[in-house]
Structures are given as C-alpha cells and as structure tokens.
Amino acid sequence: AMESIAQLERWMTAISEPHIVLGYGSLMNSDSRSRHSGIPHDGVEVEVFGFERGWITRSEPELQTYVGAYQKKDGWLNAQLVPTHLDPALQKREQDYRFTPVTIDQLNFELADDLTERLIEWLKLRDIWICESLKVEFSSADYPVHQSYIDTCLAGCLELGGEAAARRFIDSTTGWQHHRVNDREAPRYPRAAVVNPAYFAVIDQLLDDPS
C-alpha cells in the first residue's frame with residue numbers, strides 16, 4: 001500500500017502513460033497484469049462510486065463468466081488505478097462494453113491527506129476510465145465462474161491491501177450465488193496469475209464467511 005509521499009512520487013514518476021484505467025477484476029493482480037497485459041506498474045487502491053461490480057460478463061469463446069461493472073446511483077466497488085498505454089477512447093467499441101470516463105469526485109483514496117492531494121493533482125492531468133458492461137448475463141452451468149479467476153482477483157487485493165481489500169472486493173460484488181467451478185488444480189482461466197499458495201486458505205475462508 002502507498003504509505004509515504006516519497007513512495008507516491010516514485011510511482012508517479014515511473015508513469016508516462018496519459019490514461020488510467022480503474023482495474024476491478026484481473027487487472028488488480030500485478031502478476032496477471034504484467035504477464036498478460038504488459039503493464040509493469042503497481043496499482044494504487046481506490047474506491048469508485050456510481051458503479052456496481054457483479055459476476056455478469058460472459059466470455060463466449062472462453063465459456064466462462066467474469067466480473068463486470070454497471071452504473072448504479074448508490075453503487076461502489078474497490079479497484080486499482082492502473083496506468084495504460086492504450087487509449088480507451090480509441091478502443092474498438094464492443095456491443096457488450098465500453099470504456100466510460102470517470103471523474104475524480106467519484107473516487108475515494110484511503111490515503112493520508114497530503115498523499116490524496118498530491119495524487120488528485122496528478123490525476124487531473126490524466127484521463128480516467130472504467131470498463132462499463134452494457135450486457136448483464138449471470139453465470140450458468142455452461143458459463144461458470146472459475147475459481148482460478150476469483151483467485152487471481154482476490155490475490156491481487158491481498159497483495160496490495162491485505163484481507164480488508166479482499167473483503168471489500170467480495171462485499172462490493174453481486175452474483176456470488178450463481179454457478180461457480182473449482183478449477184484451482186488445473187486453471188481454466190487463460191490469464192490466471194501465479195498465486196502464492198498461502199493465499200488459498202485465506203481466500204477460501206473469506207469466501208466461506210462473507211460477514
């Protein structure tokens with residue numbers, strides 16, 4: 001987690017990209033991000049208001065369901081600031097999702113005041129985007145949620161923000177009651193992270209005890 005202004009300045013200095021994506025799924029995992037998306041930077045934790053995350057994004061070719069985010073007035077989700085060299089404004093418009101601009105006042109940082117002020121000053125010079133799902137399709141036996149994808153997301157939360165961040169992910173995501181498959185032994189999710197085995201017990205405990 002970002003604890004000092006020096007740490008924050010180092011993070012900002014390393015980033016030349018003009019675009020920031022609010023990663024709320026596999027992009028929250030640094031291993032998955034660097035190996036599968038070519039993004040070398042660490043994330044910074046953030047809460048995003050006006051959107052809700054749910055298990056609603058169907059991948060037809062991969063026969064599985066991922067998280068997506070949709071606009072909801074009193075919704076929120078936890079995410080990470082992820083710098084990207086892609087220009088989301090130029091991304092091929094898919095009928096299932098679009099990159100939607102997000103304003104700074106929709107964001108909350110659990111950081112000291114001086115860090116928050118400095119980060120906001122820096123973010124004002126950048127475009128901030130979230131991948132908004134336009135199509136809601138819950139998981140099913142044919143399109144289940146795979147544990148290797150859940151592990152990828154939650155391990156990313158644990159690395160950056162500990163159990164509190166993993167719990168925030170679980171609490172702010174709808175659709176857990178839908179179809180899930182445990183593929184941990186032989187991951188079916190193509191961008192699965194290499195997960196620290198010590199995290200598996202923590203993840204299982206958090207999922208068993210949603211309180």
# chains A, B, ... in the order shown; residues from 1 in each chain; ligands from 1
>>> residues_around(residues="segment 136-149 of chain A", least_positions_apart="5", cutoff="10 Å", atoms="only C-alpha atoms", output="PyMOL selection string")
chain A and resi 25-26+54-60+62-70+96+154-155+174-195
>>> select_by_dssp(residues="chain A", states="strand (DSSP E)", output="tab-separated table (two decimals) with all heavy atoms, in the first residue's frame")
chain	number	residue	atom	x	y	z
A	19	HIS	N	-3.27	7.73	-19.68
A	19	HIS	CA	-4.57	7.14	-19.34
A	19	HIS	C	-4.46	6.25	-18.12
A	19	HIS	O	-3.48	5.54	-17.93
A	19	HIS	CB	-5.09	6.30	-20.51
A	19	HIS	CG	-5.33	7.11	-21.74
A	19	HIS	ND1	-6.42	7.92	-21.89
A	19	HIS	CD2	-4.60	7.25	-22.88
A	19	HIS	CE1	-6.37	8.53	-23.06
A	19	HIS	NE2	-5.27	8.14	-23.68
A	20	ILE	N	-5.49	6.32	-17.30
A	20	ILE	CA	-5.59	5.46	-16.13
A	20	ILE	C	-6.88	4.66	-16.26
A	20	ILE	O	-7.95	5.24	-16.51
A	20	ILE	CB	-5.65	6.30	-14.83
A	20	ILE	CG1	-4.39	7.14	-14.65
A	20	ILE	CG2	-5.91	5.40	-13.62
A	20	ILE	CD1	-3.15	6.38	-14.25
A	21	VAL	N	-6.77	3.34	-16.12
A	21	VAL	CA	-7.97	2.51	-16.11
A	21	VAL	C	-8.21	2.07	-14.67
A	21	VAL	O	-7.26	1.75	-13.95
A	21	VAL	CB	-7.80	1.29	-17.04
A	21	VAL	CG1	-8.90	0.27	-16.82
A	21	VAL	CG2	-7.79	1.74	-18.50
A	22	LEU	N	-9.47	2.09	-14.27
A	22	LEU	CA	-9.83	1.59	-12.95
A	22	LEU	C	-10.00	0.08	-13.06
A	22	LEU	O	-11.03	-0.40	-13.52
A	22	LEU	CB	-11.11	2.28	-12.46
A	22	LEU	CG	-10.94	3.79	-12.28
A	22	LEU	CD1	-12.29	4.47	-12.16
A	22	LEU	CD2	-10.07	4.11	-11.07
A	23	GLY	N	-8.95	-0.65	-12.69
A	23	GLY	CA	-8.99	-2.11	-12.81
A	23	GLY	C	-9.77	-2.70	-11.65
A	23	GLY	O	-9.44	-2.43	-10.49
A	44	VAL	N	-2.68	1.40	-7.41
A	44	VAL	CA	-2.97	2.15	-6.18
A	44	VAL	C	-4.44	1.91	-5.87
A	44	VAL	O	-5.30	2.02	-6.74
A	44	VAL	CB	-2.70	3.66	-6.37
A	44	VAL	CG1	-3.25	4.47	-5.20
A	44	VAL	CG2	-1.19	3.91	-6.51
A	45	GLU	N	-4.71	1.56	-4.61
A	45	GLU	CA	-6.09	1.24	-4.22
A	45	GLU	C	-7.00	2.45	-4.30
A	45	GLU	O	-6.60	3.56	-3.96
A	45	GLU	CB	-6.11	0.75	-2.77
A	45	GLU	CG	-5.60	-0.65	-2.56
A	45	GLU	CD	-5.88	-1.09	-1.13
A	45	GLU	OE1	-5.11	-0.71	-0.24
A	45	GLU	OE2	-6.90	-1.79	-0.94
A	46	VAL	N	-8.23	2.20	-4.73
A	46	VAL	CA	-9.21	3.28	-4.85
A	46	VAL	C	-10.61	2.69	-4.70
A	46	VAL	O	-10.84	1.53	-5.04
A	46	VAL	CB	-9.04	4.00	-6.22
A	46	VAL	CG1	-9.25	3.04	-7.38
A	46	VAL	CG2	-9.98	5.20	-6.35
A	47	GLU	N	-11.52	3.49	-4.16
A	47	GLU	CA	-12.93	3.12	-4.20
A	47	GLU	C	-13.61	3.99	-5.25
A	47	GLU	O	-13.31	5.18	-5.35
A	47	GLU	CB	-13.58	3.35	-2.83
A	47	GLU	CG	-13.19	2.30	-1.82
A	47	GLU	CD	-13.76	2.57	-0.44
A	47	GLU	OE1	-13.85	3.76	-0.05
A	47	GLU	OE2	-14.11	1.61	0.24
A	48	VAL	N	-14.49	3.37	-6.02
A	48	VAL	CA	-15.16	4.05	-7.12
A	48	VAL	C	-16.65	4.08	-6.82
A	48	VAL	O	-17.24	3.04	-6.51
A	48	VAL	CB	-14.93	3.30	-8.45
A	48	VAL	CG1	-15.52	4.09	-9.61
A	48	VAL	CG2	-13.44	3.03	-8.67
A	49	PHE	N	-17.27	5.25	-6.91
A	49	PHE	CA	-18.70	5.39	-6.64
A	49	PHE	C	-19.48	5.58	-7.94
A	49	PHE	O	-18.97	6.13	-8.90
A	49	PHE	CB	-18.95	6.55	-5.68
A	49	PHE	CG	-18.27	6.33	-4.36
A	49	PHE	CD1	-17.05	6.94	-4.07
A	49	PHE	CD2	-18.82	5.47	-3.41
A	49	PHE	CE1	-16.39	6.70	-2.88
A	49	PHE	CE2	-18.17	5.23	-2.21
A	49	PHE	CZ	-16.96	5.84	-1.95
A	50	GLY	N	-20.72	5.10	-7.93
A	50	GLY	CA	-21.58	5.24	-9.11
A	50	GLY	C	-21.59	4.01	-9.99
A	50	GLY	O	-22.27	3.98	-11.02
A	51	PHE	N	-20.83	2.99	-9.59
A	51	PHE	CA	-20.81	1.73	-10.33
A	51	PHE	C	-20.91	0.57	-9.34
A	51	PHE	O	-20.48	0.69	-8.20
A	51	PHE	CB	-19.50	1.57	-11.12
A	51	PHE	CG	-19.39	2.48	-12.31
A	51	PHE	CD1	-18.87	3.76	-12.17
A	51	PHE	CD2	-19.84	2.08	-13.55
A	51	PHE	CE1	-18.79	4.62	-13.26
A	51	PHE	CE2	-19.75	2.92	-14.65
A	51	PHE	CZ	-19.23	4.19	-14.51
A	52	GLU	N	-21.47	-0.54	-9.82
A	52	GLU	CA	-21.50	-1.77	-9.03
A	52	GLU	C	-20.83	-2.86	-9.85
A	52	GLU	O	-20.94	-2.87	-11.08
A	52	GLU	CB	-22.95	-2.15	-8.72
A	52	GLU	CG	-23.09	-3.37	-7.82
A	52	GLU	CD	-24.53	-3.54	-7.35
A	52	GLU	OE1	-25.37	-3.99	-8.16
A	52	GLU	OE2	-24.82	-3.19	-6.20
A	53	ARG	N	-20.13	-3.78	-9.16
A	53	ARG	CA	-19.47	-4.90	-9.84
A	53	ARG	C	-20.31	-6.16	-9.61
A	53	ARG	O	-20.86	-6.36	-8.53
A	53	ARG	CB	-18.07	-5.08	-9.26
A	53	ARG	CG	-17.34	-6.35	-9.72
A	53	ARG	CD	-15.91	-6.41	-9.14
A	53	ARG	NE	-15.90	-6.02	-7.75
A	53	ARG	CZ	-14.92	-5.34	-7.14
A	53	ARG	NH1	-13.84	-4.99	-7.81
A	53	ARG	NH2	-15.00	-5.01	-5.88
A	54	GLY	N	-20.40	-7.00	-10.63
A	54	GLY	CA	-21.13	-8.25	-10.47
A	54	GLY	C	-20.56	-9.32	-11.40
A	54	GLY	O	-19.82	-9.02	-12.34
A	55	TRP	N	-20.92	-10.56	-11.11
A	55	TRP	CA	-20.50	-11.69	-11.98
A	55	TRP	C	-21.46	-11.73	-13.17
A	55	TRP	O	-22.42	-12.49	-13.17
A	55	TRP	CB	-20.53	-13.00	-11.20
A	55	TRP	CG	-19.49	-13.03	-10.12
A	55	TRP	CD1	-19.69	-12.90	-8.77
A	55	TRP	CD2	-18.08	-13.18	-10.29
A	55	TRP	NE1	-18.49	-12.95	-8.10
A	55	TRP	CE2	-17.49	-13.13	-9.02
A	55	TRP	CE3	-17.27	-13.35	-11.42
A	55	TRP	CZ2	-16.11	-13.25	-8.82
A	55	TRP	CZ3	-15.89	-13.47	-11.22
A	55	TRP	CH2	-15.33	-13.42	-9.93
A	56	ILE	N	-21.18	-10.90	-14.16
A	56	ILE	CA	-22.18	-10.69	-15.21
A	56	ILE	C	-21.60	-10.69	-16.62
A	56	ILE	O	-22.34	-10.52	-17.59
A	56	ILE	CB	-22.87	-9.32	-15.02
A	56	ILE	CG1	-21.81	-8.21	-14.95
A	56	ILE	CG2	-23.74	-9.31	-13.77
A	56	ILE	CD1	-22.29	-6.86	-15.39
A	57	THR	N	-20.27	-10.83	-16.75
A	57	THR	CA	-19.66	-10.66	-18.07
A	57	THR	C	-19.35	-12.01	-18.67
A	57	THR	O	-18.45	-12.71	-18.22
A	57	THR	CB	-18.37	-9.81	-17.97
A	57	THR	OG1	-18.72	-8.55	-17.40
A	57	THR	CG2	-17.75	-9.60	-19.34
A	58	ARG	N	-20.09	-12.37	-19.69
A	58	ARG	CA	-19.93	-13.68	-20.32
A	58	ARG	C	-18.86	-13.62	-21.39
A	58	ARG	O	-18.87	-12.75	-22.25
A	58	ARG	CB	-21.27	-14.10	-20.93
A	58	ARG	CG	-21.21	-15.41	-21.67
A	58	ARG	CD	-22.59	-15.89	-22.02
A	58	ARG	NE	-23.35	-16.19	-20.80
A	58	ARG	CZ	-24.60	-16.64	-20.80
A	58	ARG	NH1	-25.24	-16.82	-21.94
A	58	ARG	NH2	-25.21	-16.90	-19.66
A	59	SER	N	-17.92	-14.58	-21.34
A	59	SER	CA	-16.98	-14.75	-22.43
A	59	SER	C	-17.41	-15.96	-23.24
A	59	SER	O	-17.27	-17.09	-22.79
A	59	SER	CB	-15.56	-14.96	-21.90
A	59	SER	OG	-14.73	-15.38	-22.97
A	64	GLN	N	-16.81	-18.90	-19.93
A	64	GLN	CA	-16.82	-18.57	-18.51
A	64	GLN	C	-17.38	-17.17	-18.29
A	64	GLN	O	-17.62	-16.44	-19.24
A	64	GLN	CB	-15.44	-18.74	-17.87
A	64	GLN	CG	-14.24	-18.37	-18.69
A	64	GLN	CD	-12.94	-18.94	-18.11
A	64	GLN	OE1	-12.58	-18.62	-16.99
A	64	GLN	NE2	-12.25	-19.78	-18.86
A	65	THR	N	-17.61	-16.87	-17.02
A	65	THR	CA	-18.20	-15.58	-16.65
A	65	THR	C	-17.22	-14.82	-15.76
A	65	THR	O	-16.65	-15.39	-14.83
A	65	THR	CB	-19.53	-15.80	-15.91
A	65	THR	OG1	-20.43	-16.48	-16.79
A	65	THR	CG2	-20.16	-14.48	-15.48
A	66	TYR	N	-17.05	-13.53	-16.08
A	66	TYR	CA	-16.14	-12.65	-15.34
A	66	TYR	C	-16.92	-11.55	-14.65
A	66	TYR	O	-18.12	-11.40	-14.86
A	66	TYR	CB	-15.12	-12.01	-16.31
A	66	TYR	CG	-14.33	-13.02	-17.10
A	66	TYR	CD1	-14.12	-12.89	-18.46
A	66	TYR	CD2	-13.78	-14.14	-16.45
A	66	TYR	CE1	-13.39	-13.83	-19.17
A	66	TYR	CE2	-13.05	-15.08	-17.16
A	66	TYR	CZ	-12.86	-14.92	-18.51
A	66	TYR	OH	-12.14	-15.86	-19.21
A	67	VAL	N	-16.21	-10.75	-13.87
A	67	VAL	CA	-16.89	-9.60	-13.29
A	67	VAL	C	-17.04	-8.51	-14.34
A	67	VAL	O	-16.22	-8.39	-15.27
A	67	VAL	CB	-16.16	-9.02	-12.05
A	67	VAL	CG1	-16.32	-9.92	-10.85
A	67	VAL	CG2	-14.70	-8.71	-12.33
A	68	GLY	N	-18.08	-7.72	-14.17
A	68	GLY	CA	-18.27	-6.52	-14.98
A	68	GLY	C	-18.76	-5.43	-14.05
A	68	GLY	O	-19.10	-5.70	-12.89
A	69	ALA	N	-18.78	-4.20	-14.55
A	69	ALA	CA	-19.27	-3.07	-13.74
A	69	ALA	C	-20.36	-2.35	-14.53
A	69	ALA	O	-20.23	-2.18	-15.74
A	69	ALA	CB	-18.14	-2.12	-13.41
A	70	TYR	N	-21.41	-1.97	-13.84
A	70	TYR	CA	-22.51	-1.24	-14.48
A	70	TYR	C	-22.85	-0.06	-13.60
A	70	TYR	O	-22.60	-0.05	-12.39
A	70	TYR	CB	-23.73	-2.16	-14.67
A	70	TYR	CG	-24.01	-3.05	-13.49
A	70	TYR	CD1	-24.82	-2.62	-12.45
A	70	TYR	CD2	-23.43	-4.32	-13.40
A	70	TYR	CE1	-25.06	-3.44	-11.34
A	70	TYR	CE2	-23.64	-5.13	-12.30
A	70	TYR	CZ	-24.46	-4.68	-11.28
A	70	TYR	OH	-24.67	-5.48	-10.18
A	71	GLN	N	-23.44	0.98	-14.22
A	71	GLN	CA	-23.75	2.19	-13.48
A	71	GLN	C	-24.88	1.92	-12.49
A	71	GLN	O	-25.86	1.27	-12.81
A	71	GLN	CB	-24.13	3.31	-14.43
A	71	GLN	CG	-22.94	3.73	-15.30
A	71	GLN	CD	-23.14	5.05	-16.00
A	71	GLN	OE1	-23.76	5.96	-15.46
A	71	GLN	NE2	-22.60	5.17	-17.20
A	72	LYS	N	-24.69	2.42	-11.27
A	72	LYS	CA	-25.72	2.31	-10.24
A	72	LYS	C	-25.55	3.49	-9.31
A	72	LYS	O	-24.45	3.73	-8.82
A	72	LYS	CB	-25.57	1.00	-9.48
A	72	LYS	CG	-26.74	0.75	-8.55
A	72	LYS	CD	-26.59	-0.55	-7.80
A	72	LYS	CE	-27.83	-0.76	-6.94
A	72	LYS	NZ	-27.65	-1.76	-5.91
A	73	LYS	N	-26.63	4.23	-9.11
A	73	LYS	CA	-26.51	5.51	-8.40
A	73	LYS	C	-25.81	5.40	-7.05
A	73	LYS	O	-24.89	6.14	-6.75
A	73	LYS	CB	-27.89	6.15	-8.25
A	73	LYS	CG	-27.83	7.67	-8.38
A	73	LYS	CD	-29.20	8.29	-8.44
A	73	LYS	CE	-29.59	8.68	-7.02
A	73	LYS	NZ	-30.81	9.44	-6.92
A	74	ASP	N	-26.23	4.44	-6.22
A	74	ASP	CA	-25.60	4.35	-4.91
A	74	ASP	C	-24.60	3.19	-4.85
A	74	ASP	O	-24.26	2.70	-3.78
A	74	ASP	CB	-26.65	4.21	-3.81
A	74	ASP	CG	-27.55	3.00	-4.04
A	74	ASP	OD1	-27.47	2.41	-5.13
A	74	ASP	OD2	-28.34	2.64	-3.14
A	75	GLY	N	-24.14	2.74	-6.02
A	75	GLY	CA	-23.20	1.61	-6.06
A	75	GLY	C	-21.77	2.05	-5.76
A	75	GLY	O	-21.43	3.24	-5.82
A	76	TRP	N	-20.93	1.08	-5.42
A	76	TRP	CA	-19.50	1.34	-5.24
A	76	TRP	C	-18.75	0.03	-5.49
A	76	TRP	O	-19.33	-1.04	-5.44
A	76	TRP	CB	-19.19	1.85	-3.83
A	76	TRP	CG	-19.35	0.80	-2.77
A	76	TRP	CD1	-20.53	0.40	-2.20
A	76	TRP	CD2	-18.33	-0.01	-2.18
A	76	TRP	NE1	-20.31	-0.60	-1.29
A	76	TRP	CE2	-18.96	-0.87	-1.24
A	76	TRP	CE3	-16.94	-0.09	-2.34
A	76	TRP	CZ2	-18.25	-1.81	-0.49
A	76	TRP	CZ3	-16.25	-1.02	-1.58
A	76	TRP	CH2	-16.89	-1.87	-0.66
A	77	LEU	N	-17.47	0.16	-5.78
A	77	LEU	CA	-16.62	-1.02	-5.88
A	77	LEU	C	-15.20	-0.60	-5.55
A	77	LEU	O	-14.85	0.58	-5.64
A	77	LEU	CB	-16.71	-1.65	-7.27
A	77	LEU	CG	-16.44	-0.77	-8.50
A	77	LEU	CD1	-14.95	-0.73	-8.85
A	77	LEU	CD2	-17.21	-1.30	-9.71
A	78	ASN	N	-14.39	-1.56	-5.13
A	78	ASN	CA	-12.97	-1.24	-4.93
A	78	ASN	C	-12.22	-1.64	-6.19
A	78	ASN	O	-12.59	-2.58	-6.88
A	78	ASN	CB	-12.40	-1.90	-3.67
A	78	ASN	CG	-12.30	-3.41	-3.77
A	78	ASN	OD1	-13.15	-4.06	-4.38
A	78	ASN	ND2	-11.27	-3.99	-3.19
A	79	ALA	N	-11.19	-0.87	-6.49
A	79	ALA	CA	-10.45	-1.07	-7.73
A	79	ALA	C	-9.01	-0.63	-7.50
A	79	ALA	O	-8.62	-0.32	-6.38
A	79	ALA	CB	-11.09	-0.26	-8.86
A	80	GLN	N	-8.23	-0.61	-8.57
A	80	GLN	CA	-6.88	-0.07	-8.51
A	80	GLN	C	-6.68	0.87	-9.69
A	80	GLN	O	-7.21	0.63	-10.78
A	80	GLN	CB	-5.83	-1.20	-8.57
A	80	GLN	CG	-5.82	-2.10	-7.35
A	80	GLN	CD	-4.79	-3.21	-7.46
A	80	GLN	OE1	-3.84	-3.12	-8.25
A	80	GLN	NE2	-4.97	-4.26	-6.67
A	81	LEU	N	-5.92	1.93	-9.46
A	81	LEU	CA	-5.51	2.80	-10.56
A	81	LEU	C	-4.45	2.05	-11.35
A	81	LEU	O	-3.40	1.69	-10.81
A	81	LEU	CB	-4.87	4.09	-10.03
A	81	LEU	CG	-5.70	5.02	-9.16
A	81	LEU	CD1	-4.83	6.21	-8.73
A	81	LEU	CD2	-6.92	5.53	-9.92
A	82	VAL	N	-4.73	1.80	-12.63
A	82	VAL	CA	-3.79	1.04	-13.46
A	82	VAL	C	-3.45	1.90	-14.69
A	82	VAL	O	-4.31	2.15	-15.53
A	82	VAL	CB	-4.41	-0.30	-13.91
A	82	VAL	CG1	-3.47	-1.05	-14.84
A	82	VAL	CG2	-4.77	-1.16	-12.70
A	83	PRO	N	-2.19	2.36	-14.79
A	83	PRO	CA	-1.81	3.16	-15.96
A	83	PRO	C	-1.83	2.27	-17.20
A	83	PRO	O	-1.44	1.11	-17.14
A	83	PRO	CB	-0.36	3.58	-15.65
A	83	PRO	CG	-0.13	3.23	-14.22
A	83	PRO	CD	-1.09	2.15	-13.85
A	84	THR	N	-2.27	2.82	-18.31
A	84	THR	CA	-2.29	2.03	-19.54
A	84	THR	C	-1.83	2.87	-20.72
A	84	THR	O	-2.12	4.06	-20.80
A	84	THR	CB	-3.70	1.46	-19.82
A	84	THR	OG1	-3.69	0.81	-21.09
A	84	THR	CG2	-4.77	2.52	-19.82
A	97	TYR	N	-19.51	-3.90	-23.99
A	97	TYR	CA	-18.93	-2.99	-23.01
A	97	TYR	C	-18.37	-1.75	-23.70
A	97	TYR	O	-18.22	-1.71	-24.92
A	97	TYR	CB	-17.83	-3.68	-22.20
A	97	TYR	CG	-16.60	-4.03	-22.99
A	97	TYR	CD1	-15.58	-3.11	-23.18
A	97	TYR	CD2	-16.44	-5.30	-23.56
A	97	TYR	CE1	-14.46	-3.41	-23.91
A	97	TYR	CE2	-15.32	-5.62	-24.30
A	97	TYR	CZ	-14.33	-4.67	-24.48
A	97	TYR	OH	-13.22	-4.97	-25.21
A	98	ARG	N	-18.07	-0.74	-22.88
A	98	ARG	CA	-17.39	0.44	-23.41
A	98	ARG	C	-16.53	1.02	-22.29
A	98	ARG	O	-16.80	0.79	-21.11
A	98	ARG	CB	-18.40	1.49	-23.89
A	98	ARG	CG	-19.21	2.06	-22.75
A	98	ARG	CD	-20.09	3.24	-23.19
A	98	ARG	NE	-21.05	3.51	-22.14
A	98	ARG	CZ	-22.35	3.73	-22.35
A	98	ARG	NH1	-22.85	3.68	-23.57
A	98	ARG	NH2	-23.16	3.98	-21.34
A	99	PHE	N	-15.49	1.76	-22.67
A	99	PHE	CA	-14.71	2.48	-21.68
A	99	PHE	C	-15.42	3.80	-21.42
A	99	PHE	O	-15.68	4.57	-22.34
A	99	PHE	CB	-13.28	2.70	-22.17
A	99	PHE	CG	-12.45	1.47	-22.01
A	99	PHE	CD1	-12.31	0.57	-23.05
A	99	PHE	CD2	-11.83	1.19	-20.80
A	99	PHE	CE1	-11.56	-0.58	-22.90
A	99	PHE	CE2	-11.08	0.05	-20.64
A	99	PHE	CZ	-10.94	-0.85	-21.68
A	100	THR	N	-15.77	4.03	-20.15
A	100	THR	CA	-16.56	5.19	-19.74
A	100	THR	C	-15.69	6.09	-18.88
A	100	THR	O	-15.01	5.59	-17.97
A	100	THR	CB	-17.78	4.70	-18.94
A	100	THR	OG1	-18.54	3.81	-19.77
A	100	THR	CG2	-18.67	5.84	-18.49
A	101	PRO	N	-15.68	7.40	-19.17
A	101	PRO	CA	-14.85	8.29	-18.34
A	101	PRO	C	-15.41	8.39	-16.92
A	101	PRO	O	-16.63	8.36	-16.71
A	101	PRO	CB	-14.94	9.64	-19.05
A	101	PRO	CG	-15.94	9.52	-20.12
A	101	PRO	CD	-16.36	8.09	-20.27
A	107	LEU	N	-14.10	9.17	-6.94
A	107	LEU	CA	-13.06	8.33	-6.37
A	107	LEU	C	-12.80	8.67	-4.91
A	107	LEU	O	-12.92	9.82	-4.51
A	107	LEU	CB	-11.74	8.53	-7.15
A	107	LEU	CG	-11.80	8.32	-8.67
A	107	LEU	CD1	-10.43	8.57	-9.28
A	107	LEU	CD2	-12.31	6.92	-9.01
A	108	ASN	N	-12.45	7.64	-4.15
A	108	ASN	CA	-12.04	7.85	-2.75
A	108	ASN	C	-10.77	7.07	-2.50
A	108	ASN	O	-10.68	5.88	-2.82
A	108	ASN	CB	-13.15	7.37	-1.80
A	108	ASN	CG	-12.72	7.47	-0.35
A	108	ASN	OD1	-12.24	8.51	0.08
A	108	ASN	ND2	-12.85	6.39	0.38
A	127	ASP	N	-6.60	11.10	-18.14
A	127	ASP	CA	-7.97	10.62	-18.36
A	127	ASP	C	-8.16	9.36	-17.54
A	127	ASP	O	-7.29	8.48	-17.53
A	127	ASP	CB	-8.19	10.31	-19.84
A	127	ASP	CG	-8.12	11.56	-20.70
A	127	ASP	OD1	-8.73	12.57	-20.30
A	127	ASP	OD2	-7.44	11.53	-21.75
A	128	ILE	N	-9.30	9.27	-16.87
A	128	ILE	CA	-9.59	8.10	-16.02
A	128	ILE	C	-10.80	7.38	-16.62
A	128	ILE	O	-11.81	8.01	-16.95
A	128	ILE	CB	-9.91	8.54	-14.58
A	128	ILE	CG1	-8.80	9.45	-14.04
A	128	ILE	CG2	-10.10	7.33	-13.68
A	128	ILE	CD1	-9.17	10.15	-12.74
A	129	TRP	N	-10.67	6.06	-16.75
A	129	TRP	CA	-11.70	5.27	-17.42
A	129	TRP	C	-12.08	4.04	-16.61
A	129	TRP	O	-11.26	3.50	-15.88
A	129	TRP	CB	-11.19	4.76	-18.78
A	129	TRP	CG	-10.63	5.81	-19.67
A	129	TRP	CD1	-9.33	6.27	-19.69
A	129	TRP	CD2	-11.32	6.53	-20.70
A	129	TRP	NE1	-9.19	7.23	-20.67
A	129	TRP	CE2	-10.39	7.41	-21.30
A	129	TRP	CE3	-12.64	6.51	-21.16
A	129	TRP	CZ2	-10.74	8.27	-22.34
A	129	TRP	CZ3	-12.98	7.36	-22.20
A	129	TRP	CH2	-12.04	8.23	-22.79
A	130	ILE	N	-13.30	3.59	-16.80
A	130	ILE	CA	-13.70	2.28	-16.26
A	130	ILE	C	-14.33	1.50	-17.41
A	130	ILE	O	-14.96	2.09	-18.30
A	130	ILE	CB	-14.68	2.43	-15.08
A	130	ILE	CG1	-14.81	1.10	-14.32
A	130	ILE	CG2	-16.06	2.94	-15.52
A	130	ILE	CD1	-15.47	1.22	-12.95
A	131	CYS	N	-14.12	0.20	-17.41
A	131	CYS	CA	-14.74	-0.64	-18.43
A	131	CYS	C	-16.16	-0.96	-17.96
A	131	CYS	O	-16.35	-1.71	-17.00
A	131	CYS	CB	-13.93	-1.91	-18.62
A	131	CYS	SG	-14.60	-2.94	-19.92
A	132	GLU	N	-17.13	-0.33	-18.62
A	132	GLU	CA	-18.53	-0.48	-18.23
A	132	GLU	C	-19.19	-1.60	-19.04
A	132	GLU	O	-19.07	-1.63	-20.26
A	132	GLU	CB	-19.28	0.84	-18.48
A	132	GLU	CG	-20.74	0.77	-18.10
A	132	GLU	CD	-21.52	2.02	-18.50
A	132	GLU	OE1	-20.94	2.96	-19.07
A	132	GLU	OE2	-22.74	2.04	-18.25
A	133	SER	N	-19.85	-2.52	-18.34
A	133	SER	CA	-20.54	-3.62	-19.02
A	133	SER	C	-21.92	-3.14	-19.45
A	133	SER	O	-22.66	-2.59	-18.65
A	133	SER	CB	-20.72	-4.81	-18.07
A	133	SER	OG	-19.49	-5.12	-17.48
A	145	VAL	N	-18.37	-19.29	-13.27
A	145	VAL	CA	-17.26	-18.50	-12.73
A	145	VAL	C	-16.20	-19.50	-12.30
A	145	VAL	O	-16.51	-20.47	-11.60
A	145	VAL	CB	-17.73	-17.68	-11.52
A	145	VAL	CG1	-16.54	-16.99	-10.85
A	145	VAL	CG2	-18.79	-16.66	-11.93
A	146	HIS	N	-14.96	-19.30	-12.70
A	146	HIS	CA	-13.89	-20.23	-12.34
A	146	HIS	C	-13.10	-19.72	-11.13
A	146	HIS	O	-12.78	-18.53	-11.06
A	146	HIS	CB	-12.95	-20.46	-13.53
A	146	HIS	CG	-13.53	-21.35	-14.57
A	146	HIS	ND1	-14.38	-20.90	-15.55
A	146	HIS	CD2	-13.43	-22.69	-14.75
A	146	HIS	CE1	-14.76	-21.92	-16.31
A	146	HIS	NE2	-14.20	-23.02	-15.85
A	173	THR	N	-19.32	-7.02	-4.66
A	173	THR	CA	-19.58	-7.77	-5.89
A	173	THR	C	-20.86	-8.58	-5.74
A	173	THR	O	-21.02	-9.28	-4.74
A	173	THR	CB	-18.40	-8.72	-6.20
A	173	THR	OG1	-17.18	-7.96	-6.23
A	173	THR	CG2	-18.58	-9.40	-7.55
A	174	THR	N	-21.77	-8.47	-6.70
A	174	THR	CA	-23.03	-9.22	-6.64
A	174	THR	C	-22.92	-10.49	-7.49
A	174	THR	O	-22.05	-10.59	-8.36
A	174	THR	CB	-24.20	-8.38	-7.19
A	174	THR	OG1	-23.95	-8.12	-8.58
A	174	THR	CG2	-24.33	-7.05	-6.46
A	180	ARG	N	-20.47	-21.58	-9.85
A	180	ARG	CA	-19.02	-21.49	-9.70
A	180	ARG	C	-18.41	-22.88	-9.81
A	180	ARG	O	-19.00	-23.86	-9.41
A	180	ARG	CB	-18.66	-20.92	-8.32
A	180	ARG	CG	-18.65	-19.42	-8.32
A	180	ARG	CD	-18.62	-18.76	-6.96
A	180	ARG	NE	-17.74	-19.34	-5.96
A	180	ARG	CZ	-17.89	-19.11	-4.66
A	180	ARG	NH1	-18.88	-18.36	-4.22
A	180	ARG	NH2	-17.06	-19.64	-3.80
A	181	VAL	N	-17.17	-22.94	-10.35
A	181	VAL	CA	-16.48	-24.20	-10.54
A	181	VAL	C	-15.08	-24.08	-9.93
A	181	VAL	O	-14.40	-23.08	-10.15
A	181	VAL	CB	-16.33	-24.51	-12.06
A	181	VAL	CG1	-15.32	-25.61	-12.30
A	181	VAL	CG2	-17.68	-24.87	-12.67
>>> atom_distance(atom1="atom CA of Asp87 of chain A", atom2="atom CA of Leu111 of chain A")
27.6 Å
>>> residues_around(residues="Arg167 of chain A", least_positions_apart="2", cutoff="9 Å", atoms="only C-alpha atoms", output="list of chain:residue names")
A:Leu154, A:Cys157, A:Gly162, A:Glu163, A:Ala164, A:Ala165, A:Phe169, A:Ile170, A:Asp171, A:Ser172, A:Leu206, A:Leu207, A:Pro210, A:Ser211
>>> atom_distance(atom1="atom CA of Ile120 of chain A", atom2="atom CA of Arg168 of chain A")
22.4 Å
>>> closest_residue(among="A:Leu125, A:Ile150, A:Ile104, A:Ala112", to="Met2 of chain A", atoms="only C-alpha atoms")
A:Ala112
